[in-house]
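Data first, discussion second: the structure below is written as structure tokens.
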There are 2 protein chains.
Amino acid sequence: MKPSVTITEIAKECGVSIATVSRVLNGKGPVAPSTKAQIEAVIEKYHYSPNSLAQSLVRRQSQSLGVIMPDITNPYFSTLFTEVERAAHNSSFSVILCNTMFRSSSLLDQKVSSEEVYFQMMLDKKVDGVLIAGGQIDLMEVSEEYISALSRLASSIPVVVIGRTLPDIPCTFVDKETREGVSIALKHLMAQGHRRIAFVGGEEHIYTTDFRLKAYRETLEKMHLEYVPELVSLSDYYMPDGYTAAAVLLERQVPFTAMLAMNDNVALGAVRAIRDQGLSVPEDIALVSCDQFYNGDYLLPRLSSVDRHNNALGKYVIQLLLNAIQETDTPVDAPLLPQLIVRESSLLRVRK
Amino acid sequence: MKPSVTITEIAKECGVSIATVSRVLNGKGPVAPSTKAQIEAVIEKYHYSPNSLAQSLVRRQSQSLGVIMPDITNPYFSTLFTEVERAAHNSSFSVILCNTMFRSSSLLDQKVSSEEVYFQMMLDKKVDGVLIAGGQIDLMEVSEEYISALSRLASSIPVVVIGRTLPDIPCTFVDKETREGVSIALKHLMAQGHRRIAFVGGEEHIYTTDFRLKAYRETLEKMHLEYVPELVSLSDYYMPDGYTAAAVLLERQVPFTAMLAMNDNVALGAVRAIRDQGLSVPEDIALVSCDQFYNGDYLLPRLSSVDRHNNALGKYVIQLLLNAIQETDTPVDAPLLPQLIVRESSLLRVRK
DNA sequence: ATAAAAAATGTAAACCTTTACATTTGAGAC
DNA sequence: GTCTCAAATGTAAAGGTTTACATTTTTTAT
């Protein structure tokens with residue numbers, strides 16, 4: 001609405017050239033103390049501040065980052081984002097958040113590939129780096145178009161990808177360490193005496209799900225327990241999915257005494273389903289969540305869950321990205337190992 | 001890393017001037033079909049796409065928006081954001097999310113006013129409009145600096161503010177309709193036979209809290225019920241706060257049969273506190289949340305709550321903002337009225 | 001007082017577009 | 001074969017910075 005003041009006007013008012021104004025702005029190059037004071041006064045007077053677009057154009061860096069995630073409503077992503085934004089802001093970067101609303105169940109929908117549109121947007125806006133925290137990347141089978149779009153993106157700016165690796169693409173790939181969490185949760189349940197432990201939530205064709213399913217099978221095997229396919233009930237990662245998955249599982253009438261839920265939302269949905277069957281947690285069924293979203297101490301029942309330290313993960317990835325952008329080598333804190341927090345929901349020992 | 005192709009190079013490769021390339025890019029101005037085809041081929045070949053920074057500079061609009069909120073981790077804000085981002089994206093705007101991490105309890109901290117920094121950032125980056133959804137604006141007493149910073153922001157670009165009105169600032173102020181929700185929730189509880197209803201959660205000095213507290217008192221008065229100060233237990237808007245507020249309330253030993261929680265998180269925390277006292281919901285204490293975050297059907301107990309239609313609010317405000325930016329007058333759907341969804345947590349009639 | 005060196009300032013190109021205006025080309029009318 | 005007019009294309013300014021380089025002014029040494 002109101003056109004903003006430019007460096008030219010400041011220079012004019014001060015009777016100097018724009019170069020001089022630029023010099024005091026950037027504090028480089030000599031400038032007489034008196035001139036400096038005058039220019040600063042005029043800048044203050046007009047609340048002048050340089051146009052970032054022009055700066056970015058000439059400096060060839062925009063001081064902005066792109067973050068691509070499917071659903072900021074999901075605590076996993078919002079936690080991650082919070083850390084990323086905080087660190088970015090501290091380094092004077094602004095963050096463009098692209099909420100791709102990716103749902104693998106809509107795989108066949110037309111709109112799935114909006115991610116490629118976002119990639120192009122990032123390229124056009126000349127963001128200095130991109131963080132990809134989920135979306136198509138989470139699928140077992142990533143489309144050709146996606147790969148080539150990502151390839152193009154990553155060969156033009158630094159890109160950090162969380163959760164999976166793809167060959168021949170110049171991104172920094174960061175593992176989510178999803179397996180370890182499953183393993184410690186399972187071992188805990190076993191230590192409590194459980195022998196038939198169900199796997200609840202998560203969706204087929206999703207990388208993480210597959211990864212965890214593998215960890216589940218491997219851990220069972222290592223502990224010499226039988227893998228029972230009927231004890232696996234997939235669906236998706238939200239509350240209603242937890243409900244559905246648990247309900248389906250219970251209907252199967254295959255006996256089990258404990259559940260491994262993919263995250264707290266799934267766990268809460270599952271608790272509801274269990275209750276609806278007249279059973280309770282942990283008395284009838286023990287429950288552990290693989291991914292802590294909430295402070296389980298405040299839930300009913302107090303929920304045992306694996307703290308994957310999503311905050312730490314956020315700090316880690318943003319450091320990697322900033323390092324790549326600024327070509328620095330600031331030491332980054334290694335992401336913490338997942339840690340099981342045992343609470344009420346898994347605490348009743350099973351009578352064998 | 002890899003320098004990107006510019007319009008100049010495309011022009012050179014085609015043996016035409018950049019003006020011609022620009023014309024085919026923007027589809028305006030005549031250009032011979034053969035030339036056009038050739039240019040398009042070369043553009044395709046190099047995956048050329050115009051530099052948005054340069055475009056924004058000359059077009060004087062950046063196709064980007066700023067969204068300022070205190071905590072994207074809070075479902076109220078993330079829901080709002082999702083709608084805003086979706087609509088913005090559909091209109092080819094990108095969204096810069098500023099997470100101000102505002103906590104009024106840290107009022108005395110030095111870092112509180114990071115919002116002013118974000119305001120300046122928005123101005124510098126030449127975003128086309130800003131949405132302010134919370135932060136200092138939520139305080140009863142807004143600082144002078146904040147007001148003047150907001151004033152400056154709003155007199156240079158369109159700004160939509162959710163939740164409160166400030167005099168003499170050229171923003172579009174949108175009410176949150178917080179009172180109505182309190183009122184219908186209370187009336188519901190009264191209809192269930194409750195006469196002593198506690199007010200739980202929310203923080204002092206916060207506009208919404210105050211607003212709701214007023215609605216609480218007014219509704220009580222209208223229904224000829226006594227206002228008992230000891231039944232008001234403030235804290236903040238998160239789960240632990242719900243726990244604390246409810247625990248404090250219970251300790252007071254002032255009898256009550258129902259609770260009005262400020263939102264689902266507060267409600268969940270309160271449920272936990274109630275349980276920890278050996279009481280239960282709704283048998284001993286009925287509970288309604290004023291602001292639905294989760295689908296209460298999946299919670300334990302199934303939580304009665306007021307659906308404030310945050311999705312609709314998001315759609316509404318982004319439409320207002322886009323209209324202001326584009327100087328259009330696209331009809332906007334009025335935000336929906338809050339609607340109470342009655343579930344288990346408030347359903348046991350009190351025996352008088 | 002003068003030369004040399006240092007400090008202060010200015011000029012202009014570059015960053016990449018868009019677009020008003022100018023110029024060239026070609027077709028159709030006579 | 002001119003002339004007119006429209007279509008196609010080109011030129012250059014503008015948008016707001018930064019910065020290498022050039023120029024001017026001041027200081028210091030002699």
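By order in the structure tokens, chains are A, B, ...; within a chain, residues start at 1; ligands start at 1, following the order shown.
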
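Residues from chain C that have an atom within 12 Å of chain B, counting only C-alpha atoms (C1' of nucleotides), are DC15, DC16, DT17, DT18, DT19, DA20 and DT25 of chain C.
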
Give me, as a VMD selection string, the contact residues of chain B against chain D at a cut-off of 7 Å, counting only C-alpha atoms (C1' of nucleotides). chain B and resid 17 20 30 to 32 57 to 58

All helix (DSSP H, G or I) positions in stretch 122-192 of chain A, as a PyMOL selection string: chain A and resi 122-124+136-138+144-154+178-191

Can you list every residue of chain A that has an atom at most 8 Å from chain B, with its nearest atom pair and the distance in Å to one decimal, using only C-alpha atoms, ordered by chain then number, as JSON lines?
{"residue": "A:Met1", "atom": "CA", "partner": "B:Ser156", "partner_atom": "CA", "distance": 5.1}
{"residue": "A:Lys2", "atom": "CA", "partner": "B:Ser156", "partner_atom": "CA", "distance": 4.8}
{"residue": "A:Pro3", "atom": "CA", "partner": "B:Ser156", "partner_atom": "CA", "distance": 7.1}
{"residue": "A:Ser4", "atom": "CA", "partner": "B:Ser156", "partner_atom": "CA", "distance": 7.5}
{"residue": "A:Ser49", "atom": "CA", "partner": "B:Asp124", "partner_atom": "CA", "distance": 6.7}
{"residue": "A:Pro50", "atom": "CA", "partner": "B:Asp124", "partner_atom": "CA", "distance": 6.5}
{"residue": "A:Asn51", "atom": "CA", "partner": "B:Asp124", "partner_atom": "CA", "distance": 5.2}
{"residue": "A:Ser52", "atom": "CA", "partner": "B:Lys125", "partner_atom": "CA", "distance": 5.0}
{"residue": "A:Leu53", "atom": "CA", "partner": "B:Leu53", "partner_atom": "CA", "distance": 5.6}
{"residue": "A:Ala54", "atom": "CA", "partner": "B:Leu57", "partner_atom": "CA", "distance": 6.7}
{"residue": "A:Ser56", "atom": "CA", "partner": "B:Leu53", "partner_atom": "CA", "distance": 7.3}
{"residue": "A:Leu57", "atom": "CA", "partner": "B:Leu53", "partner_atom": "CA", "distance": 6.3}
{"residue": "A:Asp71", "atom": "CA", "partner": "B:Thr82", "partner_atom": "CA", "distance": 7.8}
{"residue": "A:Ile72", "atom": "CA", "partner": "B:Ser78", "partner_atom": "CA", "distance": 6.1}
{"residue": "A:Thr73", "atom": "CA", "partner": "B:Ser78", "partner_atom": "CA", "distance": 5.1}
{"residue": "A:Pro75", "atom": "CA", "partner": "B:Thr73", "partner_atom": "CA", "distance": 6.4}
{"residue": "A:Ser78", "atom": "CA", "partner": "B:Thr73", "partner_atom": "CA", "distance": 5.1}
{"residue": "A:Thr79", "atom": "CA", "partner": "B:Thr73", "partner_atom": "CA", "distance": 6.2}
{"residue": "A:Thr82", "atom": "CA", "partner": "B:Asn99", "partner_atom": "CA", "distance": 7.0}
{"residue": "A:Glu85", "atom": "CA", "partner": "B:Asn99", "partner_atom": "CA", "distance": 6.9}
{"residue": "A:Arg86", "atom": "CA", "partner": "B:Asn99", "partner_atom": "CA", "distance": 7.5}
{"residue": "A:Ser94", "atom": "CA", "partner": "B:Ile96", "partner_atom": "CA", "distance": 6.8}
{"residue": "A:Val95", "atom": "CA", "partner": "B:Ile96", "partner_atom": "CA", "distance": 5.4}
{"residue": "A:Ile96", "atom": "CA", "partner": "B:Ile96", "partner_atom": "CA", "distance": 4.3}
{"residue": "A:Leu97", "atom": "CA", "partner": "B:Val95", "partner_atom": "CA", "distance": 6.1}
{"residue": "A:Cys98", "atom": "CA", "partner": "B:Val95", "partner_atom": "CA", "distance": 7.5}
{"residue": "A:Asn99", "atom": "CA", "partner": "B:Glu85", "partner_atom": "CA", "distance": 6.9}
{"residue": "A:Asp124", "atom": "CA", "partner": "B:Asn51", "partner_atom": "CA", "distance": 5.2}
{"residue": "A:Lys125", "atom": "CA", "partner": "B:Ser52", "partner_atom": "CA", "distance": 5.0}
{"residue": "A:Lys126", "atom": "CA", "partner": "B:Asn51", "partner_atom": "CA", "distance": 7.3}
{"residue": "A:Ser155", "atom": "CA", "partner": "B:Lys2", "partner_atom": "CA", "distance": 6.4}
{"residue": "A:Ser156", "atom": "CA", "partner": "B:Lys2", "partner_atom": "CA", "distance": 4.8}
{"residue": "A:Ile157", "atom": "CA", "partner": "B:Met1", "partner_atom": "CA", "distance": 5.6}
{"residue": "A:Pro158", "atom": "CA", "partner": "B:Met1", "partner_atom": "CA", "distance": 7.7}
{"residue": "A:Met239", "atom": "CA", "partner": "B:Tyr298", "partner_atom": "CA", "distance": 6.8}
{"residue": "A:Pro240", "atom": "CA", "partner": "B:Tyr298", "partner_atom": "CA", "distance": 7.0}
{"residue": "A:Tyr243", "atom": "CA", "partner": "B:Tyr298", "partner_atom": "CA", "distance": 7.3}
{"residue": "A:Leu268", "atom": "CA", "partner": "B:Leu299", "partner_atom": "CA", "distance": 6.8}
{"residue": "A:Gly269", "atom": "CA", "partner": "B:Tyr298", "partner_atom": "CA", "distance": 5.4}
{"residue": "A:Val271", "atom": "CA", "partner": "B:Leu300", "partner_atom": "CA", "distance": 7.9}
{"residue": "A:Arg272", "atom": "CA", "partner": "B:Tyr298", "partner_atom": "CA", "distance": 5.7}
{"residue": "A:Tyr298", "atom": "CA", "partner": "B:Gly269", "partner_atom": "CA", "distance": 5.4}
{"residue": "A:Leu299", "atom": "CA", "partner": "B:Arg272", "partner_atom": "CA", "distance": 6.4}
{"residue": "A:Leu300", "atom": "CA", "partner": "B:Arg272", "partner_atom": "CA", "distance": 6.5}

Requested write-out: N, CA and C atoms of the selected residues, as a compact mmCIF listing (two decimals), in the first residue's frame:
# COMPACT_ATOMS: atom_id res chain seq x y z
N MET A 1 0.85 -1.18 0.00
CA MET A 1 0.00 0.00 0.00
C MET A 1 0.89 1.24 0.00
N LYS A 2 1.56 1.47 1.13
CA LYS A 2 2.45 2.62 1.17
C LYS A 2 3.78 2.20 0.58
N PRO A 3 4.24 2.89 -0.48
CA PRO A 3 5.53 2.50 -1.07
C PRO A 3 6.62 2.74 -0.06
N SER A 4 7.56 1.82 -0.03
CA SER A 4 8.57 1.98 1.01
C SER A 4 9.75 2.81 0.52
N SER A 49 14.78 0.18 5.80
CA SER A 49 15.39 -1.14 5.90
C SER A 49 15.48 -1.68 4.48
N PRO A 50 16.61 -2.27 4.14
CA PRO A 50 16.81 -2.65 2.74
C PRO A 50 15.81 -3.68 2.24
N ASN A 51 15.50 -3.57 0.98
CA ASN A 51 14.61 -4.51 0.30
C ASN A 51 15.32 -5.85 0.13
N SER A 52 14.81 -6.84 0.80
CA SER A 52 15.47 -8.15 0.75
C SER A 52 15.49 -8.76 -0.64
N LEU A 53 14.48 -8.46 -1.42
CA LEU A 53 14.44 -9.04 -2.76
C LEU A 53 15.64 -8.58 -3.57
N ALA A 54 15.89 -7.28 -3.49
CA ALA A 54 17.02 -6.73 -4.23
C ALA A 54 18.33 -7.28 -3.68
N SER A 56 18.79 -10.12 -2.13
CA SER A 56 18.93 -11.52 -2.49
C SER A 56 19.39 -11.67 -3.93
N LEU A 57 18.83 -10.82 -4.76
CA LEU A 57 19.15 -10.90 -6.18
C LEU A 57 20.65 -10.70 -6.40
N ASP A 71 2.00 -32.88 6.75
CA ASP A 71 0.89 -32.54 7.64
C ASP A 71 1.37 -31.91 8.94
N ILE A 72 1.32 -30.62 8.98
CA ILE A 72 1.85 -29.89 10.13
C ILE A 72 0.98 -30.10 11.37
N THR A 73 -0.17 -30.66 11.16
CA THR A 73 -1.11 -30.97 12.22
C THR A 73 -0.63 -32.17 13.05
N PRO A 75 1.84 -34.05 15.30
CA PRO A 75 2.84 -33.60 16.27
C PRO A 75 4.28 -33.94 15.90
N SER A 78 5.14 -31.11 13.56
CA SER A 78 5.13 -29.76 14.12
C SER A 78 6.29 -29.59 15.11
N THR A 79 6.63 -30.66 15.81
CA THR A 79 7.77 -30.59 16.71
C THR A 79 9.05 -30.35 15.92
N THR A 82 9.17 -26.82 14.63
CA THR A 82 9.46 -25.82 15.64
C THR A 82 10.97 -25.65 15.84
N GLU A 85 12.52 -24.10 12.65
CA GLU A 85 12.24 -22.67 12.51
C GLU A 85 13.05 -21.86 13.52
N ARG A 86 13.11 -22.36 14.72
CA ARG A 86 13.85 -21.64 15.76
C ARG A 86 15.31 -21.42 15.34
N SER A 94 14.38 -17.10 7.04
CA SER A 94 12.94 -17.28 7.21
C SER A 94 12.59 -18.62 6.56
N VAL A 95 11.48 -19.17 6.99
CA VAL A 95 11.15 -20.51 6.56
C VAL A 95 9.81 -20.57 5.84
N ILE A 96 9.85 -21.08 4.65
CA ILE A 96 8.62 -21.29 3.90
C ILE A 96 8.14 -22.70 4.19
N LEU A 97 6.95 -22.80 4.73
CA LEU A 97 6.45 -24.13 5.06
C LEU A 97 5.48 -24.62 3.98
N CYS A 98 5.81 -25.74 3.40
CA CYS A 98 4.96 -26.33 2.37
C CYS A 98 4.27 -27.55 2.95
N ASN A 99 2.98 -27.46 3.08
CA ASN A 99 2.20 -28.52 3.69
C ASN A 99 1.60 -29.35 2.55
N ASP A 124 12.33 -21.57 -7.82
CA ASP A 124 12.03 -20.23 -8.34
C ASP A 124 12.28 -19.16 -7.29
N LYS A 125 11.89 -19.45 -6.08
CA LYS A 125 12.04 -18.45 -5.02
C LYS A 125 13.48 -18.36 -4.53
N LYS A 126 14.31 -19.22 -5.08
CA LYS A 126 15.73 -19.20 -4.71
C LYS A 126 15.98 -19.39 -3.22
N SER A 155 20.34 -30.79 -7.10
CA SER A 155 21.59 -30.43 -7.77
C SER A 155 21.68 -28.93 -7.91
N SER A 156 20.67 -28.24 -7.44
CA SER A 156 20.78 -26.80 -7.51
C SER A 156 20.92 -26.14 -6.13
N ILE A 157 20.35 -26.75 -5.09
CA ILE A 157 20.54 -26.25 -3.74
C ILE A 157 20.65 -27.41 -2.76
N PRO A 158 21.22 -27.13 -1.58
CA PRO A 158 21.35 -28.18 -0.57
C PRO A 158 19.98 -28.69 -0.13
N MET A 239 -5.44 -41.10 14.94
CA MET A 239 -6.30 -41.67 15.98
C MET A 239 -7.37 -42.63 15.46
N PRO A 240 -8.12 -42.21 14.48
CA PRO A 240 -9.15 -43.11 13.98
C PRO A 240 -8.55 -44.40 13.44
N TYR A 243 -7.86 -46.71 16.19
CA TYR A 243 -9.12 -47.32 16.61
C TYR A 243 -9.47 -48.49 15.69
N LEU A 268 -3.80 -43.98 21.35
CA LEU A 268 -5.03 -43.48 21.96
C LEU A 268 -6.25 -44.08 21.29
N GLY A 269 -6.22 -44.11 19.98
CA GLY A 269 -7.33 -44.74 19.26
C GLY A 269 -7.50 -46.19 19.67
N VAL A 271 -6.60 -47.59 22.51
CA VAL A 271 -7.13 -47.67 23.87
C VAL A 271 -8.65 -47.58 23.83
N ARG A 272 -9.13 -46.67 23.02
CA ARG A 272 -10.57 -46.48 22.91
C ARG A 272 -11.24 -47.77 22.39
N TYR A 298 0.20 -37.48 31.27
CA TYR A 298 -1.09 -36.82 31.37
C TYR A 298 -2.21 -37.57 30.67
N LEU A 299 -1.88 -38.73 30.16
CA LEU A 299 -2.91 -39.46 29.43
C LEU A 299 -3.53 -40.54 30.30
N LEU A 300 -4.60 -41.07 29.79
CA LEU A 300 -5.35 -42.09 30.50
C LEU A 300 -5.41 -43.32 29.61

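Straight-line separation from atom CA of A:Leu260 to atom CA of A:Leu348: 15.1 Å.
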